[in-house]
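The structure under discussion appears below in the form of structure tokens.
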Amino acid sequence: MGLVLFPGDDNVTSPDVSWSYTGFNKFREWLAQAEGFALAAMHGFDGDRPWSSVSTTLAPLLDHPDDDAPDLTPAQCTAMLPRLEAIIDQRQHDGGDPVLQRHLDDTLQLVAVMRFCLNKDVELMFG
């Protein structure tokens, strides 16, 4: 079983991005590290550091429950896109590490799905 992020346009042919739950957690850990903090230290991830203590436009994605939570709005996607693209630009020259490449590929897919959501003005759904 896993997690799929997809546009809320009711079209099964729309792009999506998927992970196992473990894979999604590793992806979010990597993004948090890129933002300068450890996800495991944060409230909701075995830590007690409040989310208000970090400044990142990626917080809606990083602090999002895997299920039974509100979807991400187009405005939230708009705010996150520049930072996700900057991470891709910064890290794409870091060598041939296959784990890094997987995270970069996942980020590229997520950016594509978010852009699709913005073009259709629909939410990014978790399923």
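Identifiers in this document derive from the order of the structure tokens: chains are assigned A, B, ..., residues are numbered from 1 separately in each chain, and ligands are numbered from 1 in order of occurrence.
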Mind running stretch 53-72 of chain A against stretch 4-26 of chain A at 10 Å and telling me each contacting residue's nearest atom pair with the distance in Å (one decimal), counting only C-alpha atoms, chain and number ascending, as JSON lines?
```
{"residue": "A:Leu62", "atom": "CA", "partner": "A:Asn25", "partner_atom": "CA", "distance": 9.0}
{"residue": "A:Asp66", "atom": "CA", "partner": "A:Tyr21", "partner_atom": "CA", "distance": 7.7}
{"residue": "A:Asp71", "atom": "CA", "partner": "A:Gly8", "partner_atom": "CA", "distance": 8.9}
{"residue": "A:Leu72", "atom": "CA", "partner": "A:Pro7", "partner_atom": "CA", "distance": 9.8}
```
- Task: Kindly give the distance, in Å, that separates atom CA of A:Thr78 and atom CA of A:Phe45, rounded to a single decimal.
- Result: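 That distance, rounded to one decimal, is 25.3 Å.
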- Message: Which residues are close to A:Arg49, i.e. within 12 Å by only C-alpha atoms, leaving aside same-chain residues fewer than 6 positions away? Reply as a PyMOL selection string.
- Response: chain A and resi 37-43
Could the residues in this selection be written to a file with all heavy atoms, as a tab-separated table (two decimals), in the first residue's frame?
```tsv
chain	number	residue	atom	x	y	z
A	37	PHE	N	16.56	21.52	8.58
A	37	PHE	CA	16.14	20.94	9.85
A	37	PHE	C	15.86	19.45	9.68
A	37	PHE	O	15.72	18.96	8.56
A	37	PHE	CB	14.92	21.67	10.43
A	37	PHE	CG	13.67	21.58	9.60
A	37	PHE	CD1	12.74	20.58	9.83
A	37	PHE	CD2	13.42	22.51	8.60
A	37	PHE	CE1	11.58	20.51	9.07
A	37	PHE	CE2	12.27	22.45	7.84
A	37	PHE	CZ	11.35	21.44	8.07
A	38	ALA	N	15.81	18.75	10.80
A	38	ALA	CA	15.52	17.31	10.79
A	38	ALA	C	14.03	17.10	11.01
A	38	ALA	O	13.47	17.58	12.00
A	38	ALA	CB	16.32	16.61	11.87
A	39	LEU	N	13.40	16.39	10.11
A	39	LEU	CA	11.97	16.11	10.23
A	39	LEU	C	11.67	15.36	11.52
A	39	LEU	O	10.66	15.62	12.18
A	39	LEU	CB	11.49	15.33	9.01
A	39	LEU	CG	9.99	15.18	8.85
A	39	LEU	CD1	9.31	16.53	8.66
A	39	LEU	CD2	9.66	14.27	7.68
A	40	ALA	N	12.55	14.45	11.92
A	40	ALA	CA	12.34	13.66	13.13
A	40	ALA	C	12.28	14.51	14.39
A	40	ALA	O	11.74	14.09	15.41
A	40	ALA	CB	13.43	12.60	13.26
A	41	ALA	N	12.81	15.72	14.34
A	41	ALA	CA	12.79	16.61	15.51
A	41	ALA	C	11.47	17.36	15.63
A	41	ALA	O	11.20	17.99	16.66
A	41	ALA	CB	13.94	17.61	15.42
A	42	MET	N	10.64	17.29	14.59
A	42	MET	CA	9.42	18.10	14.54
A	42	MET	C	8.24	17.43	15.23
A	42	MET	O	8.12	16.20	15.24
A	42	MET	CB	9.06	18.40	13.08
A	42	MET	CG	10.15	19.09	12.29
A	42	MET	SD	10.79	20.59	13.06
A	42	MET	CE	9.35	21.64	13.02
A	43	HIS	N	7.35	18.28	15.77
A	43	HIS	CA	6.10	17.79	16.36
A	43	HIS	C	5.34	16.99	15.31
A	43	HIS	O	5.19	17.42	14.17
A	43	HIS	CB	5.26	18.99	16.84
A	43	HIS	CG	3.96	18.58	17.44
A	43	HIS	ND1	3.87	17.99	18.68
A	43	HIS	CD2	2.71	18.65	16.96
A	43	HIS	CE1	2.61	17.73	18.94
A	43	HIS	NE2	1.88	18.13	17.90
```
- Quick one: everything within 9 Å of A:Val111, counting only C-alpha atoms, minus sequence neighbours fewer than 6 positions away in the same chain. Send it as a PyMOL selection string. chain A and resi 77+81+84-85
Those residues with N, CA and C atoms, as a PDB file, in the first residue's frame please?
```pdb
ATOM      1  N   CYS A  77       0.245  25.210  -3.357  1.00  0.00           N
ATOM      2  CA  CYS A  77       1.119  24.682  -4.419  1.00  0.00           C
ATOM      3  C   CYS A  77       1.930  25.812  -5.046  1.00  0.00           C
ATOM      4  N   LEU A  81       6.096  25.768  -5.127  1.00  0.00           N
ATOM      5  CA  LEU A  81       6.787  25.481  -6.396  1.00  0.00           C
ATOM      6  C   LEU A  81       8.172  26.115  -6.530  1.00  0.00           C
ATOM      7  N   LEU A  84      10.687  24.127  -4.399  1.00  0.00           N
ATOM      8  CA  LEU A  84      10.943  22.785  -4.940  1.00  0.00           C
ATOM      9  C   LEU A  84      11.846  22.872  -6.167  1.00  0.00           C
ATOM     10  N   GLU A  85      11.575  23.840  -7.033  1.00  0.00           N
ATOM     11  CA  GLU A  85      12.413  24.005  -8.225  1.00  0.00           C
ATOM     12  C   GLU A  85      13.834  24.420  -7.861  1.00  0.00           C
TER      13      GLU A  85
END
```
- Task: Compile the contact shell of A:Thr73 as an MDAnalysis selection string: residues with an atom at most 9 Å away, counting only C-alpha atoms, same-chain residues fewer than 6 positions apart removed.
- Result: chainID A and resid 117 121:125
- Message: Here is a test: counting only C-alpha atoms, which residue of A:Asn119, A:Pro70, A:Gln90, A:Glu35 is nearest to A:Val54?
- Response: A:Glu35
- Message: Could you go through chain A and tell me which residues DSSP, when run on the backbone, assigns to strand (DSSP E), listing them as number ranges by chain?
- Response: A: 2-7, 17-20, 124-126
- Item | DSSP-assigned alpha helix (DSSP H) among chain A, expressed as a ChimeraX atom specification | /A:21-34,59-62,74-91,98-120
- Between atom CA of A:Asp97 and atom CA of A:Ala112, what is the spacing in Å?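 Rounded to one decimal, the two atoms are 22.6 Å apart.
Using only C-alpha atoms, the nearest neighbour of A:Gly44 within the list A:Asp68, A:Asp63, A:Thr57, A:Glu29 is A:Asp63.
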- Message: Could you tell me how far atom CA of A:Asp105 sits from atom CA of A:Ile88, in Å to one decimal place?
- Response: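 Spanning atom CA of A:Ile88 to atom CA of A:Asp105 is a straight-line distance of 8.9 Å.
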